[in-house]
file target_0.txt (compact mmCIF, C-alpha atoms)
# COMPACT_ATOMS: atom_id res chain seq x y z
CA MET B 1 1.71 8.21 -4.05
CA PRO B 2 1.41 5.63 -1.28
CA ARG B 3 1.46 2.01 -2.14
CA HIS B 4 0.80 -0.84 0.25
CA HIS B 5 1.16 -4.55 -0.31
CA TRP B 6 -0.14 -6.05 2.90
CA LEU B 7 0.22 -9.62 1.74
CA ILE B 8 3.65 -9.45 0.09
CA ALA B 9 5.20 -12.04 2.40
CA LEU B 10 2.44 -14.60 2.88
CA GLY B 11 3.85 -16.85 0.19
CA ALA B 12 7.07 -17.21 2.16
CA CYS B 13 5.16 -18.85 4.99
CA ALA B 14 3.64 -21.41 2.68
CA SER B 15 7.08 -22.74 1.78
CA VAL B 16 7.78 -23.77 5.36
CA LEU B 17 4.45 -25.50 5.89
CA MET B 18 3.04 -28.81 4.74
CA THR B 19 2.55 -27.80 1.12
CA GLU B 20 2.42 -31.37 -0.09
CA THR B 21 -0.89 -31.85 1.74
CA PRO B 22 -4.03 -30.66 -0.08
CA VAL B 23 -5.91 -27.91 1.72
CA ARG B 24 -8.96 -29.55 3.29
CA SER B 25 -9.15 -27.95 6.72
CA GLN B 26 -12.21 -26.41 8.32
CA ALA B 27 -12.53 -23.69 10.94
CA THR B 28 -13.78 -26.19 13.51
CA LEU B 29 -12.27 -29.33 14.99
CA PRO B 30 -13.99 -32.67 15.58
CA LEU B 31 -15.14 -33.26 19.14
CA THR B 32 -12.72 -35.97 20.16
CA GLN B 33 -10.25 -36.60 22.92
CA ASP B 34 -7.98 -38.57 20.63
CA LEU B 35 -6.15 -35.67 18.99
CA ASN B 36 -2.54 -35.75 20.14
CA GLN B 37 -0.05 -32.89 19.90
CA GLU B 38 1.27 -34.04 16.53
CA GLN B 39 -2.23 -34.10 15.08
CA LEU B 40 -3.00 -30.66 16.50
CA GLU B 41 0.19 -29.35 14.92
CA GLU B 42 -0.75 -30.85 11.57
CA GLN B 43 -4.26 -29.40 11.75
CA GLY B 44 -2.90 -25.98 12.72
CA LEU B 45 -0.45 -25.92 9.83
CA ARG B 46 -3.19 -26.89 7.40
CA LEU B 47 -5.32 -24.04 8.72
CA ILE B 48 -2.47 -21.64 8.07
CA GLU B 49 -2.18 -22.94 4.51
CA ASP B 50 -5.90 -22.60 4.12
CA ALA B 51 -5.82 -18.99 5.32
CA ILE B 52 -3.03 -18.18 2.88
CA GLN B 53 -4.91 -19.70 -0.04
CA LEU B 54 -8.14 -17.88 0.85
CA SER B 55 -6.31 -14.57 1.20
CA ARG B 56 -4.99 -14.94 -2.33
CA PHE B 57 -8.60 -14.87 -3.50
CA GLN B 58 -9.40 -11.89 -1.24
CA GLN B 59 -11.67 -14.08 0.90
CA PHE B 60 -10.55 -12.51 4.15
CA GLU B 61 -13.80 -13.21 5.99
CA TRP B 62 -12.99 -16.94 5.64
CA ALA B 63 -9.24 -16.63 6.08
CA ILE B 64 -9.27 -14.77 9.40
CA PRO B 65 -11.22 -17.39 11.42
CA ARG B 66 -8.86 -20.10 10.21
CA ALA B 67 -5.81 -18.05 11.13
CA LYS B 68 -7.28 -17.35 14.57
CA LEU B 69 -7.88 -21.04 15.18
CA ALA B 70 -4.36 -21.80 14.00
CA THR B 71 -2.95 -19.53 16.71
CA GLN B 72 -4.77 -21.67 19.28
CA LEU B 73 -3.59 -24.97 17.85
CA VAL B 74 0.04 -23.98 17.19
CA PRO B 75 0.66 -20.98 19.47
CA ASN B 76 4.41 -21.47 19.27
CA ARG B 77 4.55 -21.19 15.49
CA PHE B 78 5.21 -17.61 14.45
CA GLU B 79 3.57 -18.24 11.07
CA ALA B 80 0.10 -18.46 12.63
CA TRP B 81 0.44 -15.08 14.36
CA TYR B 82 2.15 -13.56 11.32
CA ILE B 83 -0.64 -14.59 8.96
CA LEU B 84 -3.39 -13.47 11.34
CA GLY B 85 -1.72 -10.12 11.98
CA THR B 86 -1.24 -9.52 8.26
CA LEU B 87 -4.88 -10.34 7.51
CA LEU B 88 -6.09 -8.01 10.25
CA VAL B 89 -3.96 -5.20 8.86
CA GLN B 90 -5.37 -5.92 5.42
CA GLU B 91 -8.85 -5.44 6.86
CA GLY B 92 -7.90 -2.14 8.48
CA GLU B 93 -7.76 -3.46 12.05
CA PHE B 94 -4.40 -1.85 12.62
CA ALA B 95 -4.18 -1.83 16.42
CA GLU B 96 -5.11 -5.50 16.76
CA GLY B 97 -3.00 -6.44 13.76
CA ILE B 98 0.03 -4.72 15.26
CA ARG B 99 -0.54 -6.48 18.60
CA ILE B 100 -0.70 -9.87 16.89
CA LEU B 101 2.38 -9.16 14.76
CA LYS B 102 4.29 -8.23 17.91
CA ARG B 103 3.40 -11.70 19.22
CA ALA B 104 4.88 -13.20 16.05
CA GLU B 105 8.00 -11.10 16.56
CA SER B 106 8.40 -12.41 20.11
CA ILE B 107 8.54 -15.95 18.70
CA GLU B 108 10.72 -15.30 15.64
CA SER B 109 12.56 -11.99 15.74
CA SER B 110 14.60 -12.67 12.60
CA GLU B 111 11.65 -12.89 10.17
CA SER B 112 11.90 -9.79 7.99
CA GLY B 113 8.32 -10.02 6.76
CA ILE B 114 6.95 -9.32 10.23
CA TYR B 115 8.71 -5.97 10.31
CA SER B 116 7.69 -5.03 6.78
CA ILE B 117 4.00 -5.54 7.62
CA LEU B 118 4.42 -3.81 10.99
CA GLY B 119 5.95 -0.83 9.24
CA ALA B 120 3.16 -0.70 6.68
CA ALA B 121 0.56 -0.94 9.45
CA TYR B 122 2.13 1.87 11.45
CA PHE B 123 2.29 4.00 8.28
CA GLN B 124 -1.33 3.36 7.38
CA SER B 125 -2.43 4.27 10.90
CA GLY B 126 -0.47 7.54 10.76
CA GLN B 127 2.30 6.49 13.15
CA TYR B 128 5.12 7.42 10.81
CA GLU B 129 7.80 7.71 13.49
CA LEU B 130 7.09 4.08 14.48
CA ALA B 131 6.96 2.88 10.88
CA VAL B 132 10.52 3.93 10.06
CA PRO B 133 12.45 1.66 12.50
CA GLU B 134 10.29 -1.35 11.65
CA LEU B 135 10.91 -0.91 7.93
CA GLU B 136 14.62 -0.31 8.51
CA THR B 137 14.74 -3.56 10.47
CA ALA B 138 13.05 -5.39 7.59
CA LEU B 139 15.73 -4.06 5.25
CA ALA B 140 18.52 -5.00 7.66
CA LEU B 141 17.17 -8.56 7.80
CA GLY B 142 17.34 -8.85 4.03
CA ASP B 143 13.92 -7.75 2.76
CA GLU B 144 15.23 -5.09 0.39
CA SER B 145 12.13 -5.16 -1.76
CA ILE B 146 10.48 -2.40 -3.75
CA GLU B 147 7.51 -2.45 -1.37
CA VAL B 148 9.55 -2.03 1.81
CA LEU B 149 11.75 0.68 0.33
CA PHE B 150 8.73 2.58 -0.96
CA ASP B 151 6.92 2.37 2.37
CA LEU B 152 10.06 3.60 4.14
CA GLY B 153 10.49 6.47 1.69
CA ASN B 154 6.85 7.44 2.18
CA ALA B 155 7.20 7.44 5.97
CA GLN B 156 10.32 9.59 5.72
CA LEU B 157 8.48 11.95 3.39
CA LYS B 158 5.62 12.32 5.89
CA LEU B 159 8.17 13.11 8.59
CA LYS B 160 9.70 15.69 6.21
CA ASP B 161 13.04 13.92 6.32
CA TYR B 162 13.39 14.74 2.65
CA ALA B 163 17.04 13.83 2.14
CA ALA B 164 16.50 10.37 3.62
CA ALA B 165 13.29 9.88 1.60
CA ILE B 166 15.00 10.74 -1.69
CA ALA B 167 17.88 8.38 -0.88
CA THR B 168 15.39 5.59 -0.13
CA TYR B 169 13.39 6.17 -3.31
CA GLU B 170 16.63 6.09 -5.28
CA ARG B 171 17.45 2.72 -3.73
CA SER B 172 14.12 1.43 -5.03
CA LEU B 173 14.97 2.78 -8.48
CA ASP B 174 18.28 0.92 -8.34
CA LEU B 175 16.20 -2.25 -8.03
CA GLN B 176 13.71 -1.26 -10.73
CA ASP B 177 14.54 1.76 -12.85
CA ASP B 178 11.00 2.01 -14.27
CA PHE B 179 9.32 2.21 -10.85
CA TRP B 180 7.42 5.39 -11.61
CA PRO B 181 5.87 5.95 -8.13
CA ALA B 182 9.35 6.59 -6.70
CA LEU B 183 10.09 9.16 -9.41
CA ASN B 184 6.69 10.73 -8.78
CA ASN B 185 7.33 11.10 -5.06
CA ILE B 186 10.80 12.53 -5.54
CA GLY B 187 9.02 15.14 -7.64
CA LEU B 188 6.63 15.83 -4.76
CA ILE B 189 9.60 16.49 -2.47
CA TYR B 190 11.35 18.73 -4.98
CA TYR B 191 8.22 20.85 -5.34
CA GLU B 192 8.01 21.36 -1.57
CA GLN B 193 11.66 22.42 -1.62
CA GLY B 194 10.97 24.99 -4.32
CA LYS B 195 12.84 23.03 -7.01
CA ILE B 196 10.03 23.33 -9.53
CA ASP B 197 11.94 22.47 -12.70
CA ALA B 198 13.53 19.44 -11.02
CA ALA B 199 10.09 18.32 -9.85
CA ILE B 200 8.62 18.62 -13.35
CA ASP B 201 11.55 16.63 -14.74
CA LYS B 202 10.85 13.74 -12.32
CA TRP B 203 7.14 13.79 -13.13
CA GLN B 204 7.88 13.80 -16.85
CA GLN B 205 10.09 10.74 -16.37
CA ALA B 206 7.21 9.02 -14.57
CA ILE B 207 4.82 9.89 -17.42
CA GLU B 208 7.23 8.47 -19.98
CA ILE B 209 7.22 5.18 -18.10
CA ASP B 210 3.42 5.00 -17.82
CA PRO B 211 1.39 7.63 -19.72
CA SER B 212 -1.86 6.26 -18.28
CA MET B 213 -1.09 7.48 -14.75
CA ALA B 214 -3.00 10.65 -13.87
CA GLU B 215 -1.03 11.68 -10.78
CA PRO B 216 2.25 12.85 -12.36
CA GLN B 217 0.30 14.43 -15.23
CA LEU B 218 -1.80 16.49 -12.84
CA ALA B 219 1.31 17.49 -10.90
CA VAL B 220 2.95 18.72 -14.12
CA ALA B 221 -0.26 20.58 -14.97
CA VAL B 222 -0.33 22.40 -11.63
CA ALA B 223 3.36 23.28 -11.78
CA THR B 224 3.01 24.50 -15.37
CA TYR B 225 0.04 26.68 -14.44
CA MET B 226 1.86 28.20 -11.48
CA GLN B 227 4.86 28.99 -13.69
CA GLY B 228 2.61 31.25 -15.76
CA ASN B 229 1.66 28.88 -18.58
CA GLN B 230 -1.96 28.90 -17.50
CA GLU B 231 -3.62 27.75 -20.71
CA GLU B 232 -1.25 24.80 -21.11
CA GLY B 233 -1.59 23.97 -17.42
CA LEU B 234 -5.38 23.87 -17.61
CA THR B 235 -5.28 21.70 -20.72
CA LEU B 236 -2.95 19.24 -19.01
CA ALA B 237 -5.13 19.26 -15.87
CA ARG B 238 -8.25 18.44 -17.87
CA GLU B 239 -6.44 15.54 -19.56
CA ALA B 240 -5.21 14.22 -16.21
CA LEU B 241 -8.67 14.36 -14.65
CA GLU B 242 -10.13 12.57 -17.66
CA LEU B 243 -7.72 9.72 -16.87
CA ASP B 244 -8.72 9.51 -13.21
CA GLY B 245 -11.31 11.79 -11.67
CA ARG B 246 -10.30 10.86 -8.12
CA TYR B 247 -7.40 13.28 -8.40
CA GLY B 248 -9.90 16.10 -8.52
CA GLU B 249 -10.33 15.72 -4.74
CA ILE B 250 -7.88 17.59 -2.52
CA GLU B 251 -8.37 15.01 0.23
CA PHE B 252 -7.36 12.24 -2.18
CA LEU B 253 -4.24 14.17 -3.15
CA ASP B 254 -3.36 14.65 0.51
CA GLU B 255 -3.70 10.88 1.04
CA ASN B 256 -1.30 10.44 -1.86
CA LEU B 257 1.37 12.48 -0.03
CA TRP B 258 1.03 15.77 -1.88
CA GLY B 259 2.68 18.46 0.24
CA GLU B 260 1.31 21.76 1.49
CA ASN B 261 2.79 23.90 -1.29
CA LEU B 262 1.57 21.65 -4.07
CA LEU B 263 -1.89 21.32 -2.50
CA GLN B 264 -2.24 25.09 -2.21
CA ALA B 265 -1.24 25.49 -5.85
CA THR B 266 -3.69 22.77 -6.86
CA GLU B 267 -6.56 24.51 -5.08
CA ILE B 268 -5.81 27.63 -7.15
CA VAL B 269 -5.91 25.62 -10.36
CA PHE B 270 -9.09 23.77 -9.36
CA ALA B 271 -10.82 27.09 -8.68
CA THR B 272 -10.61 28.20 -12.31
CA PRO B 273 -13.99 28.25 -14.13
CA SER B 274 -12.88 25.90 -16.89
CA LEU B 275 -11.89 23.18 -14.43
CA LYS B 276 -15.08 23.64 -12.43
CA ALA B 277 -16.93 22.74 -15.61
CA VAL B 278 -14.80 19.59 -15.92
CA PHE B 279 -15.68 18.61 -12.34
CA GLU B 280 -19.38 19.08 -13.09
CA GLU B 281 -19.09 16.91 -16.17
CA LEU B 282 -17.26 14.18 -14.25
CA THR B 283 -19.91 14.28 -11.54
CA GLU B 284 -22.71 13.96 -14.09
CA ARG B 285 -21.00 10.97 -15.67
CA ALA B 286 -20.61 9.27 -12.30
CA PHE B 287 -24.35 9.43 -11.66
CA GLN B 288 -25.48 8.47 -15.16
CA PRO B 289 -26.82 4.87 -15.40
CA GLU B 290 -24.83 2.58 -17.61
CA GLU B 291 -26.40 1.88 -20.98
CA MET B 292 -27.69 -1.64 -21.39
CA GLU B 293 -26.38 -3.50 -24.40
CA PRO B 294 -29.10 -4.82 -26.71

call {"tool": "encode", "arguments": {"input": "target_0.txt", "output": "structure tokens"}}
result
Amino acid sequence: MPRHHWLIALGACASVLMTETPVRSQATLPLTQDLNQEQLEEQGLRLIEDAIQLSRFQQFEWAIPRAKLATQLVPNRFEAWYILGTLLVQEGEFAEGIRILKRAESIESSESGIYSILGAAYFQSGQYELAVPELETALALGDESIEVLFDLGNAQLKLKDYAAAIATYERSLDLQDDFWPALNNIGLIYYEQGKIDAAIDKWQQAIEIDPSMAEPQLAVAVATYMQGNQEEGLTLAREALELDGRYGEIEFLDENLWGENLLQATEIVFATPSLKAVFEELTERAFQPEEMEP
């Protein structure tokens, strides 16, 4: 299961800016020749604050223009480039976001947050071999957060560096022992290695932490079916799909880092007549209009 927190470090920037000043900035400047460098700096920092506040409310279409203007007013402040790059990554503009973040890095190479977002951006754009060193740098600079460790573990998983991925997921569990996505993904690795019972054990641990999560429940269902307990496996699969019908799509499972062996097994389970009926029912529900309350 991938998990990305594009904006995990934006709050850190706010602490170094002019937080005592209320956010009042606009995306345009008054037409005057009287603005000196100090005033431009103040306006630029307020724009950065403004962009941060807007991003917290998911108003990226307003935040990005302010961040862009801030890079013009305070081009030597890494925060402006960092915020803009992060917002662009959030909006899926990975190539441009990476370019902007590299500019931030050239100004302040010791800011761990730059590398954590760079690593996430490289991962999301499928450049796993580039994601790993960026995330390792973030960790080396002190950002040993759940998010960075999970992104690193996911990149290592995609590169099939399974031993390293498991070690990284375990580091995240040392920080938070109920972090079920790490347990889930260790289970994904075990299944690819043929350690079926060990995989099921990890998925069961994830389910115990959060029974509402469909992913580990579906994984247990598939593994159970393939071990010969077909009736139980199908029952568990139906229950998992009732929780979240998105997991009925092989493409969605692939996006969530399910490996080749588990995907092949899942296709076998999904091809059974009883599950086909479940898919039809879920599809019908999706297209039914919601009932209006009287």

call {"tool": "atom_distance", "arguments": {"input": "target_0.txt", "atom1": "CA of Leu257 (chain B)", "atom2": "CA of Leu141 (chain B)"}}
result
27.5 Å

call {"tool": "closest_residue", "arguments": {"input": "target_0.txt", "among": "B:Ala240, B:Gly259, B:Ser125, B:Trp81", "to": "Ile186 (chain B)", "atoms": "all atoms listed in the file"}}
result
B:Gly259

call {"tool": "atom_distance", "arguments": {"input": "target_0.txt", "atom1": "CA of Glu38 (chain B)", "atom2": "CA of Ser106 (chain B)"}}
result
23.1 Å

call {"tool": "closest_residue", "arguments": {"input": "target_0.txt", "among": "B:Glu111, B:Tyr169, B:Ile100, B:Glu255", "to": "Phe123 (chain B)", "atoms": "all atoms listed in the file"}}
result
B:Glu255

call {"tool": "atom_distance", "arguments": {"input": "target_0.txt", "atom1": "CA of Ala199 (chain B)", "atom2": "CA of Trp258 (chain B)"}}
result
12.3 Å

call {"tool": "residues_around", "arguments": {"input": "target_0.txt", "residues": "Asn154 (chain B)", "least_positions_apart": "6", "cutoff": "12 Å", "atoms": "all atoms listed in the file", "output": "ChimeraX atom specification"}}
result
/B:1-4,119-120,122-124,126-129,131-132,135,147-148,160-162,164-169,172,181-182,184-186,188-189,255-259

call {"tool": "residues_near_point", "arguments": {"input": "target_0.txt", "point": "(5.6, -19.9, 13.1)", "cutoff": "9 Å", "atoms": "all atoms listed in the file", "output": "PyMOL selection string"}}
result
chain B and resi 13+16+74-82+104+107-108

call {"tool": "closest_residue", "arguments": {"input": "target_0.txt", "among": "B:Leu87, B:Met213, B:Val269, B:Leu69", "to": "Gly228 (chain B)", "atoms": "all atoms listed in the file"}}
result
B:Val269

call {"tool": "residues_around", "arguments": {"input": "target_0.txt", "residues": "Glu61 (chain B)", "least_positions_apart": "6", "cutoff": "12 Å", "atoms": "only C-alpha atoms", "output": "PyMOL selection string"}}
result
chain B and resi 27+51+54-55+67-68+84+87-88+90-91

call {"tool": "decode", "arguments": {"input": "target_0.txt", "residues": "region 168-210 of chain B", "atoms": "N, CA and C atoms", "output": "PDB file, in the first residue's frame"}}
result
ATOM      1  N   THR B 168      13.455  -1.465   6.419  1.00  0.00           N
ATOM      2  CA  THR B 168      12.938  -0.103   6.490  1.00  0.00           C
ATOM      3  C   THR B 168      11.540  -0.080   7.089  1.00  0.00           C
ATOM      4  N   TYR B 169      10.679  -1.005   6.667  1.00  0.00           N
ATOM      5  CA  TYR B 169       9.339  -1.070   7.261  1.00  0.00           C
ATOM      6  C   TYR B 169       9.422  -1.340   8.764  1.00  0.00           C
ATOM      7  N   GLU B 170      10.364  -2.181   9.161  1.00  0.00           N
ATOM      8  CA  GLU B 170      10.502  -2.477  10.590  1.00  0.00           C
ATOM      9  C   GLU B 170      10.963  -1.251  11.366  1.00  0.00           C
ATOM     10  N   ARG B 171      11.768  -0.402  10.729  1.00  0.00           N
ATOM     11  CA  ARG B 171      12.155   0.857  11.376  1.00  0.00           C
ATOM     12  C   ARG B 171      10.926   1.731  11.609  1.00  0.00           C
ATOM     13  N   SER B 172      10.012   1.739  10.647  1.00  0.00           N
ATOM     14  CA  SER B 172       8.793   2.536  10.828  1.00  0.00           C
ATOM     15  C   SER B 172       7.937   1.962  11.949  1.00  0.00           C
ATOM     16  N   LEU B 173       7.942   0.643  12.089  1.00  0.00           N
ATOM     17  CA  LEU B 173       7.178   0.014  13.165  1.00  0.00           C
ATOM     18  C   LEU B 173       7.818   0.263  14.526  1.00  0.00           C
ATOM     19  N   ASP B 174       9.133   0.483  14.549  1.00  0.00           N
ATOM     20  CA  ASP B 174       9.782   0.861  15.801  1.00  0.00           C
ATOM     21  C   ASP B 174       9.290   2.228  16.271  1.00  0.00           C
ATOM     22  N   LEU B 175       8.958   3.085  15.304  1.00  0.00           N
ATOM     23  CA  LEU B 175       8.424   4.410  15.650  1.00  0.00           C
ATOM     24  C   LEU B 175       6.956   4.335  16.041  1.00  0.00           C
ATOM     25  N   GLN B 176       6.218   3.458  15.375  1.00  0.00           N
ATOM     26  CA  GLN B 176       4.770   3.351  15.622  1.00  0.00           C
ATOM     27  C   GLN B 176       4.362   1.903  15.403  1.00  0.00           C
ATOM     28  N   ASP B 177       4.207   1.168  16.481  1.00  0.00           N
ATOM     29  CA  ASP B 177       4.000  -0.282  16.357  1.00  0.00           C
ATOM     30  C   ASP B 177       2.633  -0.654  15.804  1.00  0.00           C
ATOM     31  N   ASP B 178       1.707   0.314  15.711  1.00  0.00           N
ATOM     32  CA  ASP B 178       0.391   0.019  15.134  1.00  0.00           C
ATOM     33  C   ASP B 178       0.257   0.591  13.722  1.00  0.00           C
ATOM     34  N   PHE B 179       1.373   0.817  13.047  1.00  0.00           N
ATOM     35  CA  PHE B 179       1.352   1.335  11.687  1.00  0.00           C
ATOM     36  C   PHE B 179       1.075   0.175  10.735  1.00  0.00           C
ATOM     37  N   TRP B 180      -0.206  -0.078  10.505  1.00  0.00           N
ATOM     38  CA  TRP B 180      -0.596  -1.285   9.777  1.00  0.00           C
ATOM     39  C   TRP B 180      -0.115  -1.319   8.323  1.00  0.00           C
ATOM     40  N   PRO B 181       0.021  -0.199   7.602  1.00  0.00           N
ATOM     41  CA  PRO B 181       0.498  -0.307   6.220  1.00  0.00           C
ATOM     42  C   PRO B 181       1.867  -0.976   6.099  1.00  0.00           C
ATOM     43  N   ALA B 182       2.747  -0.751   7.076  1.00  0.00           N
ATOM     44  CA  ALA B 182       4.061  -1.398   7.033  1.00  0.00           C
ATOM     45  C   ALA B 182       3.922  -2.914   7.200  1.00  0.00           C
ATOM     46  N   LEU B 183       3.090  -3.333   8.136  1.00  0.00           N
ATOM     47  CA  LEU B 183       2.838  -4.772   8.306  1.00  0.00           C
ATOM     48  C   LEU B 183       2.248  -5.357   7.037  1.00  0.00           C
ATOM     49  N   ASN B 184       1.302  -4.638   6.432  1.00  0.00           N
ATOM     50  CA  ASN B 184       0.670  -5.093   5.201  1.00  0.00           C
ATOM     51  C   ASN B 184       1.697  -5.316   4.104  1.00  0.00           C
ATOM     52  N   ASN B 185       2.622  -4.366   3.952  1.00  0.00           N
ATOM     53  CA  ASN B 185       3.585  -4.461   2.858  1.00  0.00           C
ATOM     54  C   ASN B 185       4.669  -5.491   3.110  1.00  0.00           C
ATOM     55  N   ILE B 186       4.991  -5.733   4.364  1.00  0.00           N
ATOM     56  CA  ILE B 186       5.886  -6.850   4.669  1.00  0.00           C
ATOM     57  C   ILE B 186       5.218  -8.152   4.233  1.00  0.00           C
ATOM     58  N   GLY B 187       3.907  -8.240   4.459  1.00  0.00           N
ATOM     59  CA  GLY B 187       3.156  -9.401   4.002  1.00  0.00           C
ATOM     60  C   GLY B 187       3.213  -9.558   2.498  1.00  0.00           C
ATOM     61  N   LEU B 188       3.123  -8.443   1.757  1.00  0.00           N
ATOM     62  CA  LEU B 188       3.228  -8.503   0.295  1.00  0.00           C
ATOM     63  C   LEU B 188       4.570  -9.092  -0.132  1.00  0.00           C
ATOM     64  N   ILE B 189       5.633  -8.690   0.546  1.00  0.00           N
ATOM     65  CA  ILE B 189       6.970  -9.204   0.211  1.00  0.00           C
ATOM     66  C   ILE B 189       7.055 -10.693   0.523  1.00  0.00           C
ATOM     67  N   TYR B 190       6.581 -11.082   1.700  1.00  0.00           N
ATOM     68  CA  TYR B 190       6.639 -12.493   2.072  1.00  0.00           C
ATOM     69  C   TYR B 190       5.914 -13.369   1.059  1.00  0.00           C
ATOM     70  N   TYR B 191       4.771 -12.880   0.564  1.00  0.00           N
ATOM     71  CA  TYR B 191       4.024 -13.685  -0.409  1.00  0.00           C
ATOM     72  C   TYR B 191       4.839 -13.877  -1.680  1.00  0.00           C
ATOM     73  N   GLU B 192       5.499 -12.823  -2.141  1.00  0.00           N
ATOM     74  CA  GLU B 192       6.324 -12.940  -3.349  1.00  0.00           C
ATOM     75  C   GLU B 192       7.492 -13.887  -3.132  1.00  0.00           C
ATOM     76  N   GLN B 193       7.947 -14.013  -1.906  1.00  0.00           N
ATOM     77  CA  GLN B 193       9.051 -14.913  -1.578  1.00  0.00           C
ATOM     78  C   GLN B 193       8.583 -16.340  -1.311  1.00  0.00           C
ATOM     79  N   GLY B 194       7.284 -16.573  -1.412  1.00  0.00           N
ATOM     80  CA  GLY B 194       6.750 -17.902  -1.167  1.00  0.00           C
ATOM     81  C   GLY B 194       6.517 -18.225   0.291  1.00  0.00           C
ATOM     82  N   LYS B 195       6.626 -17.237   1.175  1.00  0.00           N
ATOM     83  CA  LYS B 195       6.423 -17.444   2.611  1.00  0.00           C
ATOM     84  C   LYS B 195       4.956 -17.128   2.938  1.00  0.00           C
ATOM     85  N   ILE B 196       4.075 -18.022   2.514  1.00  0.00           N
ATOM     86  CA  ILE B 196       2.642 -17.730   2.558  1.00  0.00           C
ATOM     87  C   ILE B 196       2.130 -17.581   3.986  1.00  0.00           C
ATOM     88  N   ASP B 197       2.499 -18.503   4.866  1.00  0.00           N
ATOM     89  CA  ASP B 197       2.025 -18.432   6.243  1.00  0.00           C
ATOM     90  C   ASP B 197       2.527 -17.165   6.938  1.00  0.00           C
ATOM     91  N   ALA B 198       3.780 -16.803   6.665  1.00  0.00           N
ATOM     92  CA  ALA B 198       4.336 -15.584   7.260  1.00  0.00           C
ATOM     93  C   ALA B 198       3.600 -14.355   6.733  1.00  0.00           C
ATOM     94  N   ALA B 199       3.249 -14.379   5.449  1.00  0.00           N
ATOM     95  CA  ALA B 199       2.506 -13.268   4.863  1.00  0.00           C
ATOM     96  C   ALA B 199       1.141 -13.133   5.529  1.00  0.00           C
ATOM     97  N   ILE B 200       0.431 -14.246   5.658  1.00  0.00           N
ATOM     98  CA  ILE B 200      -0.891 -14.219   6.288  1.00  0.00           C
ATOM     99  C   ILE B 200      -0.794 -13.686   7.708  1.00  0.00           C
ATOM    100  N   ASP B 201       0.250 -14.083   8.423  1.00  0.00           N
ATOM    101  CA  ASP B 201       0.431 -13.616   9.807  1.00  0.00           C
ATOM    102  C   ASP B 201       0.557 -12.093   9.851  1.00  0.00           C
ATOM    103  N   LYS B 202       1.334 -11.511   8.933  1.00  0.00           N
ATOM    104  CA  LYS B 202       1.493 -10.052   8.903  1.00  0.00           C
ATOM    105  C   LYS B 202       0.161  -9.373   8.566  1.00  0.00           C
ATOM    106  N   TRP B 203      -0.557  -9.938   7.610  1.00  0.00           N
ATOM    107  CA  TRP B 203      -1.846  -9.345   7.234  1.00  0.00           C
ATOM    108  C   TRP B 203      -2.854  -9.438   8.370  1.00  0.00           C
ATOM    109  N   GLN B 204      -2.819 -10.560   9.100  1.00  0.00           N
ATOM    110  CA  GLN B 204      -3.717 -10.693  10.241  1.00  0.00           C
ATOM    111  C   GLN B 204      -3.394  -9.663  11.317  1.00  0.00           C
ATOM    112  N   GLN B 205      -2.105  -9.389  11.512  1.00  0.00           N
ATOM    113  CA  GLN B 205      -1.718  -8.352  12.475  1.00  0.00           C
ATOM    114  C   GLN B 205      -2.252  -6.989  12.039  1.00  0.00           C
ATOM    115  N   ALA B 206      -2.188  -6.714  10.741  1.00  0.00           N
ATOM    116  CA  ALA B 206      -2.707  -5.451  10.218  1.00  0.00           C
ATOM    117  C   ALA B 206      -4.210  -5.358  10.440  1.00  0.00           C
ATOM    118  N   ILE B 207      -4.929  -6.452  10.227  1.00  0.00           N
ATOM    119  CA  ILE B 207      -6.382  -6.473  10.414  1.00  0.00           C
ATOM    120  C   ILE B 207      -6.741  -6.235  11.874  1.00  0.00           C
ATOM    121  N   GLU B 208      -5.967  -6.810  12.781  1.00  0.00           N
ATOM    122  CA  GLU B 208      -6.233  -6.612  14.200  1.00  0.00           C
ATOM    123  C   GLU B 208      -6.108  -5.139  14.586  1.00  0.00           C
ATOM    124  N   ILE B 209      -5.177  -4.450  13.950  1.00  0.00           N
ATOM    125  CA  ILE B 209      -4.989  -3.024  14.238  1.00  0.00           C
ATOM    126  C   ILE B 209      -6.148  -2.206  13.697  1.00  0.00           C
ATOM    127  N   ASP B 210      -6.572  -2.506  12.459  1.00  0.00           N
ATOM    128  CA  ASP B 210      -7.683  -1.752  11.856  1.00  0.00           C
ATOM    129  C   ASP B 210      -8.547  -2.688  11.013  1.00  0.00           C
TER     130      ASP B 210
END
